[in-house]
file input-v2.csv (CSV, C-alpha atoms and all ligand atoms)
chain,number,residue,atom,x,y,z
N,673,MET,CA,-211.5,-22.4,11.5
N,674,LYS,CA,-210.6,-21.7,15.1
N,675,THR,CA,-208.6,-24.9,15.6
N,676,THR,CA,-206.5,-24.2,12.6
N,677,LEU,CA,-205.8,-20.7,13.7
N,678,PHE,CA,-204.9,-21.9,17.1
N,679,ALA,CA,-202.5,-24.5,15.7
N,680,MET,CA,-201.0,-21.8,13.4
N,681,THR,CA,-200.5,-19.5,16.4
N,682,LEU,CA,-198.7,-22.3,18.3
N,683,THR,CA,-196.5,-22.9,15.3
N,684,MET,CA,-195.6,-19.2,15.0
N,685,MET,CA,-194.8,-19.0,18.7
N,686,SER,CA,-192.4,-21.9,18.3
N,687,PHE,CA,-190.5,-19.9,15.7
N,688,ALA,CA,-189.5,-17.3,18.2
N,689,THR,CA,-185.9,-17.8,19.2
N,690,ASN,CA,-184.6,-17.6,22.7
N,691,ALA,CA,-182.8,-14.3,21.8
N,692,GLN,CA,-186.2,-12.9,20.6
N,693,LYS,CA,-188.0,-14.1,23.8
N,694,ALA,CA,-185.3,-12.5,25.9
N,695,ASN,CA,-185.4,-9.3,23.9
N,696,ILE,CA,-189.2,-9.0,24.1
N,697,ASN,CA,-188.9,-8.8,27.9
N,698,ASN,CA,-186.7,-5.8,27.6
N,699,LEU,CA,-189.0,-3.8,25.2
N,700,PRO,CA,-189.4,-0.1,26.1
N,701,SER,CA,-192.8,1.2,27.3
N,702,GLN,CA,-195.0,2.3,24.4
N,703,HIS,CA,-195.7,5.5,26.3
N,704,SER,CA,-192.1,6.3,26.8
N,705,ASN,CA,-190.8,9.6,25.4
N,706,SER,CA,-187.2,8.4,25.4
N,707,THR,CA,-187.0,7.8,21.7
N,708,ASN,CA,-183.3,8.5,21.6
N,709,THR,CA,-182.5,6.0,24.3
N,710,THR,CA,-184.7,3.5,22.6
N,711,THR,CA,-183.1,3.9,19.2
N,712,ALA,CA,-179.6,3.7,20.6
N,713,THR,CA,-180.3,0.4,22.4
N,714,HIS,CA,-182.7,-1.4,20.2
N,715,PHE,CA,-181.7,-0.6,16.6
N,716,THR,CA,-178.3,-2.3,16.0
N,717,ALA,CA,-176.2,-3.6,13.1
N,718,LYS,CA,-173.5,-6.2,14.0
N,719,PRO,CA,-171.3,-8.7,12.3
N,720,ILE,CA,-172.8,-12.2,11.9
N,721,SER,CA,-172.1,-14.1,15.2
N,722,GLU,CA,-171.3,-17.8,15.3
N,723,ALA,CA,-174.8,-18.5,16.7
N,724,VAL,CA,-176.6,-16.6,13.9
N,725,PHE,CA,-174.3,-18.1,11.2
N,726,LYS,CA,-175.2,-21.6,12.5
N,727,ARG,CA,-178.9,-20.8,12.1
N,728,MET,CA,-178.3,-19.7,8.5
N,729,GLN,CA,-176.4,-22.8,7.4
N,730,GLY,CA,-177.9,-24.7,4.5
N,731,LYS,CA,-180.9,-22.4,4.7
N,732,SER,CA,-180.4,-18.7,3.7
N,733,TYR,CA,-176.6,-19.3,3.6
N,734,LYS,CA,-176.3,-22.2,1.2
N,735,ALA,CA,-173.0,-24.2,0.5
N,736,ASN,CA,-172.6,-22.4,-2.9
N,737,CYS,CA,-173.1,-18.9,-1.4
N,738,THR,CA,-170.7,-16.4,-3.0
N,739,ILE,CA,-171.3,-13.6,-0.5
N,740,PRO,CA,-168.7,-13.6,2.2
N,741,ARG,CA,-170.1,-13.8,5.7
N,742,THR,CA,-168.0,-10.7,6.6
N,743,GLU,CA,-170.1,-8.6,4.1
N,744,LEU,CA,-173.3,-9.4,5.9
N,745,ARG,CA,-174.8,-7.7,9.0
N,746,TYR,CA,-177.2,-8.9,11.6
N,747,ILE,CA,-179.8,-6.1,12.3
N,748,ARG,CA,-182.1,-5.8,15.3
N,749,VAL,CA,-185.0,-3.4,15.2
N,750,LEU,CA,-188.2,-2.5,17.0
N,751,HIS,CA,-191.5,-2.3,15.2
N,752,TYR,CA,-195.2,-2.0,15.8
N,753,GLY,CA,-197.2,-5.2,15.1
N,754,PHE,CA,-200.7,-5.4,13.7
N,755,ASP,CA,-201.9,-5.6,17.3
N,756,GLY,CA,-200.4,-2.1,18.0
N,757,LYS,CA,-197.8,-3.6,20.4
N,758,VAL,CA,-194.0,-3.0,20.2
N,759,LYS,CA,-192.1,-6.1,18.9
N,760,SER,CA,-188.5,-7.0,18.3
N,761,GLY,CA,-187.4,-7.9,14.8
N,762,GLU,CA,-184.2,-9.3,13.2
N,763,LEU,CA,-182.9,-9.1,9.7
N,764,ILE,CA,-179.7,-10.0,7.8
N,765,CYS,CA,-178.6,-7.6,5.1
N,766,HIS,CA,-175.5,-6.6,3.2
N,767,GLN,CA,-173.2,-4.1,5.0
N,768,ASP,CA,-173.8,-1.5,2.2
N,769,ILE,CA,-177.5,-1.1,3.2
N,770,ALA,CA,-177.2,-1.7,7.0
N,771,ASP,CA,-177.2,2.1,7.9
N,772,ASP,CA,-180.2,2.7,5.5
N,773,LEU,CA,-182.2,-0.1,7.1
N,774,ILE,CA,-181.5,1.1,10.6
N,775,GLU,CA,-182.6,4.7,9.7
N,776,ILE,CA,-185.7,3.5,7.8
N,777,PHE,CA,-186.8,1.2,10.6
N,778,GLN,CA,-186.3,3.9,13.2
N,779,GLU,CA,-188.5,6.2,11.1
N,780,LEU,CA,-191.2,3.5,10.7
N,781,TYR,CA,-191.1,2.9,14.5
N,782,LYS,CA,-191.5,6.6,15.3
N,783,ALA,CA,-194.5,6.7,12.9
N,784,HIS,CA,-196.0,3.5,14.5
N,785,TYR,CA,-196.0,2.0,11.1
N,786,PRO,CA,-197.5,-1.6,11.4
N,787,ILE,CA,-195.3,-4.5,10.3
N,788,GLU,CA,-196.6,-7.9,11.3
N,789,ARG,CA,-193.3,-9.8,11.9
N,790,ILE,CA,-189.6,-9.5,11.1
N,791,GLN,CA,-187.9,-12.8,11.5
N,792,LEU,CA,-185.0,-14.5,9.8
N,793,ILE,CA,-186.1,-16.4,6.8
N,794,ASP,CA,-184.1,-19.3,8.3
N,795,ASP,CA,-187.0,-19.8,10.7
N,796,TYR,CA,-189.0,-20.7,7.6
N,797,ASN,CA,-186.3,-23.0,6.3
N,798,ALA,CA,-185.4,-20.2,3.8
N,799,ASP,CA,-188.6,-21.0,2.0
N,800,ASP,CA,-189.7,-17.7,0.5
N,801,GLU,CA,-193.4,-18.8,-0.1
N,802,GLN,CA,-193.7,-19.9,3.5
N,803,SER,CA,-192.2,-16.7,4.8
N,804,MET,CA,-194.6,-14.7,2.6
N,805,LEU,CA,-197.6,-16.8,3.6
N,806,HIS,CA,-196.8,-15.8,7.2
N,807,ASN,CA,-196.4,-12.1,6.1
N,808,ASN,CA,-192.8,-12.1,7.3
N,809,THR,CA,-190.6,-9.2,6.4
N,810,SER,CA,-187.2,-10.4,5.4
N,811,CYS,CA,-184.0,-9.5,3.5
N,812,PHE,CA,-181.0,-11.8,2.9
N,813,ASN,CA,-181.7,-15.2,1.2
N,814,TYR,CA,-179.2,-16.8,-1.2
N,815,ARG,CA,-181.7,-17.8,-4.0
N,816,ARG,CA,-182.6,-17.3,-7.6
N,817,VAL,CA,-185.5,-15.1,-8.8
N,818,ALA,CA,-188.5,-17.4,-8.8
N,819,GLY,CA,-188.8,-19.1,-12.1
N,820,SER,CA,-185.5,-17.9,-13.5
N,821,LYS,CA,-181.7,-18.5,-13.3
N,822,THR,CA,-180.8,-15.0,-12.2
N,823,LEU,CA,-179.6,-14.5,-8.6
N,824,SER,CA,-182.0,-12.3,-6.7
N,825,TYR,CA,-180.8,-9.1,-5.0
N,826,HIS,CA,-181.9,-11.0,-1.8
N,827,SER,CA,-178.8,-13.2,-2.5
N,828,GLN,CA,-176.6,-10.2,-1.8
N,829,GLY,CA,-178.7,-9.0,1.1
N,830,LYS,CA,-179.5,-5.9,-0.9
N,831,ALA,CA,-183.3,-6.4,-1.2
N,832,ILE,CA,-186.0,-6.5,1.4
N,833,ASP,CA,-189.7,-7.6,1.3
N,834,ILE,CA,-192.1,-5.7,3.6
N,835,ASN,CA,-195.5,-7.1,4.7
N,836,PRO,CA,-195.4,-9.5,1.7
N,837,LEU,CA,-198.9,-11.0,2.1
N,838,TYR,CA,-200.6,-7.6,1.7
N,839,ASN,CA,-198.0,-6.6,-1.0
N,840,PRO,CA,-197.7,-9.7,-3.2
N,841,CYS,CA,-195.6,-10.3,-6.3
N,842,VAL,CA,-198.0,-10.2,-9.3
N,843,LYS,CA,-196.9,-11.6,-12.6
N,844,ARG,CA,-199.1,-11.2,-15.7
N,845,LEU,CA,-199.0,-14.4,-17.8
N,846,ARG,CA,-199.2,-14.6,-21.6
N,847,ASN,CA,-202.7,-16.1,-21.5
N,848,GLY,CA,-203.9,-13.0,-19.6
N,849,SER,CA,-204.1,-14.6,-16.2
N,850,THR,CA,-201.9,-13.6,-13.3
N,851,SER,CA,-199.7,-15.6,-10.9
N,852,VAL,CA,-199.5,-14.2,-7.4
N,853,SER,CA,-196.9,-14.9,-4.7
N,854,PRO,CA,-197.8,-15.8,-2.0
N,855,LYS,CA,-200.8,-17.6,-3.3
N,856,THR,CA,-203.0,-16.3,-0.4
N,857,GLY,CA,-202.1,-12.7,-1.4
N,858,ARG,CA,-204.4,-12.8,-4.5
N,859,ALA,CA,-207.0,-10.7,-2.6
N,860,TYR,CA,-204.4,-7.9,-2.4
N,861,SER,CA,-203.3,-8.1,-6.0
N,862,ASN,CA,-205.8,-5.5,-7.2
N,863,ARG,CA,-204.0,-2.3,-6.2
N,864,SER,CA,-206.9,0.0,-7.1
N,865,LYS,CA,-208.7,-1.3,-4.0
N,866,THR,CA,-208.2,0.3,-0.6
N,867,PHE,CA,-207.0,-2.0,2.2
N,868,LYS,CA,-204.7,-1.9,5.2
N,869,TYR,CA,-200.9,-2.4,5.0
N,870,LYS,CA,-200.9,-1.5,1.3
N,871,ILE,CA,-197.6,-0.1,-0.1
N,872,ASP,CA,-198.1,2.5,-2.8
N,873,HIS,CA,-196.5,5.8,-3.8
N,874,ASN,CA,-198.3,7.6,-0.8
N,875,ASP,CA,-197.1,5.1,1.7
N,876,LEU,CA,-194.4,5.9,4.3
N,877,VAL,CA,-192.4,2.7,3.5
N,878,TYR,CA,-192.2,3.7,-0.2
N,879,LYS,CA,-191.2,7.3,0.6
N,880,LEU,CA,-188.4,6.2,3.1
N,881,PHE,CA,-186.9,3.6,0.8
N,882,LYS,CA,-187.1,6.0,-2.2
N,883,LYS,CA,-185.3,8.7,-0.1
N,884,HIS,CA,-182.5,6.1,0.7
N,885,GLY,CA,-182.0,5.3,-3.0
N,886,PHE,CA,-183.9,2.0,-3.3
N,887,THR,CA,-186.0,0.9,-6.3
N,888,TRP,CA,-189.5,-0.4,-5.7
N,889,GLY,CA,-190.8,-3.6,-7.3
N,890,GLY,CA,-194.2,-1.9,-7.6
N,891,ASP,CA,-192.7,0.4,-10.3
N,892,TRP,CA,-191.5,-2.5,-12.5
N,893,LYS,CA,-193.3,-3.2,-15.8
N,894,SER,CA,-193.2,-6.9,-16.6
N,895,LEU,CA,-194.0,-8.0,-13.1
N,896,LYS,CA,-195.1,-6.0,-10.1
N,897,ASP,CA,-193.4,-6.9,-6.8
N,898,TYR,CA,-195.2,-4.6,-4.3
N,899,GLN,CA,-193.3,-5.9,-1.2
N,900,HIS,CA,-189.9,-5.5,-2.7
N,901,PHE,CA,-187.2,-2.8,-2.4
N,902,GLU,CA,-183.6,-3.1,-3.6
N,903,LYS,CA,-180.5,-1.0,-3.8
N,904,LYS,CA,-177.9,-1.4,-6.4
U,1,ZN,ZN,-188.1,-9.4,-2.8

call {"tool": "encode", "arguments": {"input": "input-v2.csv", "output": "structure tokens", "more": "lines below"}}
Ligand SMILES: [Zn+2]
result
Amino acid sequence: MKTTLFAMTLTMMSFATNAQKANINNLPSQHSNSTNTTTATHFTAKPISEAVFKRMQGKSYKANCTIPRTELRYIRVLHYGFDGKVKSGELICHQDIADDLIEIFQELYKAHYPIERIQLIDDYNADDEQSMLHNNTSCFNYRRVAGSKTLSYHSQGKAIDINPLYNPCVKRLRNGSTSVSPKTGRAYSNRSKTFKYKIDHNDLVYKLFKKHGFTWGGDWKSLKDYQHFEKK
């Protein structure tokens, strides 16, 4: 329904932070040839500032978080949205994979690879299902693996989910049925189908993460997490 879509659009717009709005005004021209200048200015990894740490409190950075703030990095990148326009993205990751992410996102940007949005999961109250429903690409979130007591690699900031709606997490249940996260990603759970934004072994996202030593959740056996890459 149009009214619903309009309301959703307004909600999404309200998620944009002041920093993002300011940054969007400074985006480079899409026809610019100055890739080197662009990468130097717009792809950065910095320590977690007071302002960013405040946004994370009680959300992705919970009271019992065992990962020191000093080990985390705040990443800014550029990416192409589904509308083909250049957008500004922000991520929090572990310092050990900060250089990998900067290099990977630079390559994706050069290739015009479409990623719908890259916002801190704190903008979704650190609710993974909500972030996935909005097809948000995200990294650090101190949480357990859904339905288990194990801490996820996202808890260390060493796992990232890319275009999660089109690359859902699919779990085969004992009764033969499947559970899909996010719920609205069920249409994309059949990977033999051809559709846009699908990550598979031929996809650039897979190739770049593989090259940088990451494991892909789509290669797992018990469950298939097509959005997920992690580095041990
Ligand atoms: Zn994940």

call {"tool": "closest_atom_pairs", "arguments": {"input": "input-v2.csv", "of": "chain N", "to": "ligand ZN 1 (chain U)", "cutoff": "6 Å", "atoms": "all atoms listed in the file", "output": "Markdown table"}}
result
| residue | atom | partner | partner_atom | distance |
| --- | --- | --- | --- | --- |
| N:Ala831 | CA | U:ZN1 | ZN | 5.9 |
| N:Ile832 | CA | U:ZN1 | ZN | 5.5 |
| N:Asp833 | CA | U:ZN1 | ZN | 4.8 |
| N:His900 | CA | U:ZN1 | ZN | 4.3 |

call {"tool": "closest_atom_pairs", "arguments": {"input": "input-v2.csv", "of": "region 703-762 of chain N", "to": "region 772-786 of chain N", "cutoff": "6 Å", "atoms": "all atoms listed in the file", "output": "Markdown table"}}
result
| residue | atom | partner | partner_atom | distance |
| --- | --- | --- | --- | --- |
| N:His751 | CA | N:Tyr781 | CA | 5.3 |
| N:Tyr752 | CA | N:Pro786 | CA | 5.0 |
| N:Gly753 | CA | N:Pro786 | CA | 5.2 |
| N:Phe754 | CA | N:Pro786 | CA | 5.5 |

call {"tool": "write_last_selection", "arguments": {"input": "input-v2.csv", "atoms": "C-alpha atoms", "output": "CSV table (one decimal), in the coordinates of the input"}}
result
chain,number,residue,atom,x,y,z
N,751,HIS,CA,-191.5,-2.3,15.2
N,752,TYR,CA,-195.2,-2.0,15.8
N,753,GLY,CA,-197.2,-5.2,15.1
N,754,PHE,CA,-200.7,-5.4,13.7

call {"tool": "atom_distance", "arguments": {"input": "input-v2.csv", "atom1": "CA of Pro840 (chain N)", "atom2": "CA of Asp891 (chain N)"}}
result
13.3 Å

call {"tool": "atom_distance", "arguments": {"input": "input-v2.csv", "atom1": "CA of Arg789 (chain N)", "atom2": "CA of Ser864 (chain N)"}}
result
25.3 Å

call {"tool": "closest_residue", "arguments": {"input": "input-v2.csv", "among": "N:Thr887, N:Thr713, N:Asn874, N:Ser853", "to": "Ala818 (chain N)", "atoms": "all atoms listed in the file"}}
result
N:Ser853

call {"tool": "closest_residue", "arguments": {"input": "input-v2.csv", "among": "N:Ala798, N:Ile769, N:Ile720, N:Val817", "to": "Arg741 (chain N)", "atoms": "all atoms listed in the file"}}
result
N:Ile720

call {"tool": "atom_distance", "arguments": {"input": "input-v2.csv", "atom1": "CA of Ile871 (chain N)", "atom2": "CA of Ala770 (chain N)"}}
result
21.7 Å

call {"tool": "residues_around", "arguments": {"input": "input-v2.csv", "residues": "Asn835 (chain N)", "least_positions_apart": "6", "cutoff": "12 Å", "atoms": "all atoms listed in the file", "output": "JSON, numbers by chain"}}
result
{"N": [753, 754, 785, 786, 787, 788, 789, 790, 791, 803, 804, 805, 806, 807, 808, 809, 810, 811, 841, 854, 857, 860, 868, 869, 870, 871, 877, 897, 898, 899, 900, 901]}

call {"tool": "write_last_selection", "arguments": {"input": "input-v2.csv", "atoms": "C-alpha atoms", "output": "mmCIF file, in the coordinates of the input"}}
result
data_model
loop_
_atom_site.group_PDB
_atom_site.id
_atom_site.type_symbol
_atom_site.label_atom_id
_atom_site.label_comp_id
_atom_site.auth_asym_id
_atom_site.auth_seq_id
_atom_site.Cartn_x
_atom_site.Cartn_y
_atom_site.Cartn_z
ATOM 1 C CA GLY N 753 -197.200 -5.200 15.100
ATOM 2 C CA PHE N 754 -200.700 -5.400 13.700
ATOM 3 C CA TYR N 785 -196.000 2.000 11.100
ATOM 4 C CA PRO N 786 -197.500 -1.600 11.400
ATOM 5 C CA ILE N 787 -195.300 -4.500 10.300
ATOM 6 C CA GLU N 788 -196.600 -7.900 11.300
ATOM 7 C CA ARG N 789 -193.300 -9.800 11.900
ATOM 8 C CA ILE N 790 -189.600 -9.500 11.100
ATOM 9 C CA GLN N 791 -187.900 -12.800 11.500
ATOM 10 C CA SER N 803 -192.200 -16.700 4.800
ATOM 11 C CA MET N 804 -194.600 -14.700 2.600
ATOM 12 C CA LEU N 805 -197.600 -16.800 3.600
ATOM 13 C CA HIS N 806 -196.800 -15.800 7.200
ATOM 14 C CA ASN N 807 -196.400 -12.100 6.100
ATOM 15 C CA ASN N 808 -192.800 -12.100 7.300
ATOM 16 C CA THR N 809 -190.600 -9.200 6.400
ATOM 17 C CA SER N 810 -187.200 -10.400 5.400
ATOM 18 C CA CYS N 811 -184.000 -9.500 3.500
ATOM 19 C CA CYS N 841 -195.600 -10.300 -6.300
ATOM 20 C CA PRO N 854 -197.800 -15.800 -2.000
ATOM 21 C CA GLY N 857 -202.100 -12.700 -1.400
ATOM 22 C CA TYR N 860 -204.400 -7.900 -2.400
ATOM 23 C CA LYS N 868 -204.700 -1.900 5.200
ATOM 24 C CA TYR N 869 -200.900 -2.400 5.000
ATOM 25 C CA LYS N 870 -200.900 -1.500 1.300
ATOM 26 C CA ILE N 871 -197.600 -0.100 -0.100
ATOM 27 C CA VAL N 877 -192.400 2.700 3.500
ATOM 28 C CA ASP N 897 -193.400 -6.900 -6.800
ATOM 29 C CA TYR N 898 -195.200 -4.600 -4.300
ATOM 30 C CA GLN N 899 -193.300 -5.900 -1.200
ATOM 31 C CA HIS N 900 -189.900 -5.500 -2.700
ATOM 32 C CA PHE N 901 -187.200 -2.800 -2.400
#

call {"tool": "build_atoms", "arguments": {"input": "input-v2.csv", "residues": "region 776-801 of chain N", "atoms": "N, CA and C atoms", "output": "CSV table (one decimal), in the frame of the given file"}}
result
chain,number,residue,atom,x,y,z
N,776,ILE,N,-184.3,3.7,8.3
N,776,ILE,CA,-185.7,3.5,7.8
N,776,ILE,C,-186.5,2.9,8.9
N,777,PHE,N,-186.0,1.9,9.6
N,777,PHE,CA,-186.8,1.2,10.6
N,777,PHE,C,-187.0,2.1,11.8
N,778,GLN,N,-186.1,3.0,12.1
N,778,GLN,CA,-186.3,3.9,13.2
N,778,GLN,C,-187.4,4.9,12.8
N,779,GLU,N,-187.4,5.3,11.6
N,779,GLU,CA,-188.5,6.2,11.1
N,779,GLU,C,-189.9,5.5,11.2
N,780,LEU,N,-189.9,4.3,10.7
N,780,LEU,CA,-191.2,3.5,10.7
N,780,LEU,C,-191.7,3.3,12.2
N,781,TYR,N,-190.7,3.1,13.1
N,781,TYR,CA,-191.1,2.9,14.5
N,781,TYR,C,-191.6,4.1,15.1
N,782,LYS,N,-191.0,5.3,14.8
N,782,LYS,CA,-191.5,6.6,15.3
N,782,LYS,C,-192.9,6.9,14.8
N,783,ALA,N,-193.2,6.4,13.6
N,783,ALA,CA,-194.5,6.7,12.9
N,783,ALA,C,-195.5,5.6,13.3
N,784,HIS,N,-195.1,4.6,14.1
N,784,HIS,CA,-196.0,3.5,14.5
N,784,HIS,C,-196.5,2.8,13.3
N,785,TYR,N,-195.6,2.7,12.3
N,785,TYR,CA,-196.0,2.0,11.1
N,785,TYR,C,-196.2,0.4,11.4
N,786,PRO,N,-197.3,-0.2,11.0
N,786,PRO,CA,-197.5,-1.6,11.4
N,786,PRO,C,-196.8,-2.6,10.4
N,787,ILE,N,-196.0,-3.4,11.0
N,787,ILE,CA,-195.3,-4.5,10.3
N,787,ILE,C,-195.6,-5.7,11.1
N,788,GLU,N,-196.2,-6.8,10.5
N,788,GLU,CA,-196.6,-7.9,11.3
N,788,GLU,C,-195.5,-8.7,12.0
N,789,ARG,N,-194.5,-9.1,11.3
N,789,ARG,CA,-193.3,-9.8,11.9
N,789,ARG,C,-192.1,-9.6,11.0
N,790,ILE,N,-191.0,-9.6,11.8
N,790,ILE,CA,-189.6,-9.5,11.1
N,790,ILE,C,-188.7,-10.5,11.7
N,791,GLN,N,-188.7,-11.7,11.1
N,791,GLN,CA,-187.9,-12.8,11.5
N,791,GLN,C,-186.9,-13.3,10.4
N,792,LEU,N,-185.9,-13.9,10.8
N,792,LEU,CA,-185.0,-14.5,9.8
N,792,LEU,C,-185.7,-15.5,9.0
N,793,ILE,N,-185.5,-15.5,7.7
N,793,ILE,CA,-186.1,-16.4,6.8
N,793,ILE,C,-185.7,-17.9,7.1
N,794,ASP,N,-184.6,-18.0,7.8
N,794,ASP,CA,-184.1,-19.3,8.3
N,794,ASP,C,-185.2,-20.0,9.2
N,795,ASP,N,-186.0,-19.2,9.9
N,795,ASP,CA,-187.0,-19.8,10.7
N,795,ASP,C,-188.1,-20.4,9.9
N,796,TYR,N,-188.1,-20.1,8.6
N,796,TYR,CA,-189.0,-20.7,7.6
N,796,TYR,C,-188.3,-21.6,6.7
N,797,ASN,N,-187.1,-22.1,7.1
N,797,ASN,CA,-186.3,-23.0,6.3
N,797,ASN,C,-185.8,-22.3,5.0
N,798,ALA,N,-185.8,-21.0,5.0
N,798,ALA,CA,-185.4,-20.2,3.8
N,798,ALA,C,-186.3,-20.4,2.7
N,799,ASP,N,-187.6,-20.8,3.0
N,799,ASP,CA,-188.6,-21.0,2.0
N,799,ASP,C,-189.4,-19.7,1.8
N,800,ASP,N,-189.2,-19.1,0.7
N,800,ASP,CA,-189.7,-17.7,0.5
N,800,ASP,C,-191.3,-17.7,0.5
N,801,GLU,N,-191.9,-18.8,-0.1
N,801,GLU,CA,-193.4,-18.8,-0.1
N,801,GLU,C,-193.9,-18.9,1.3
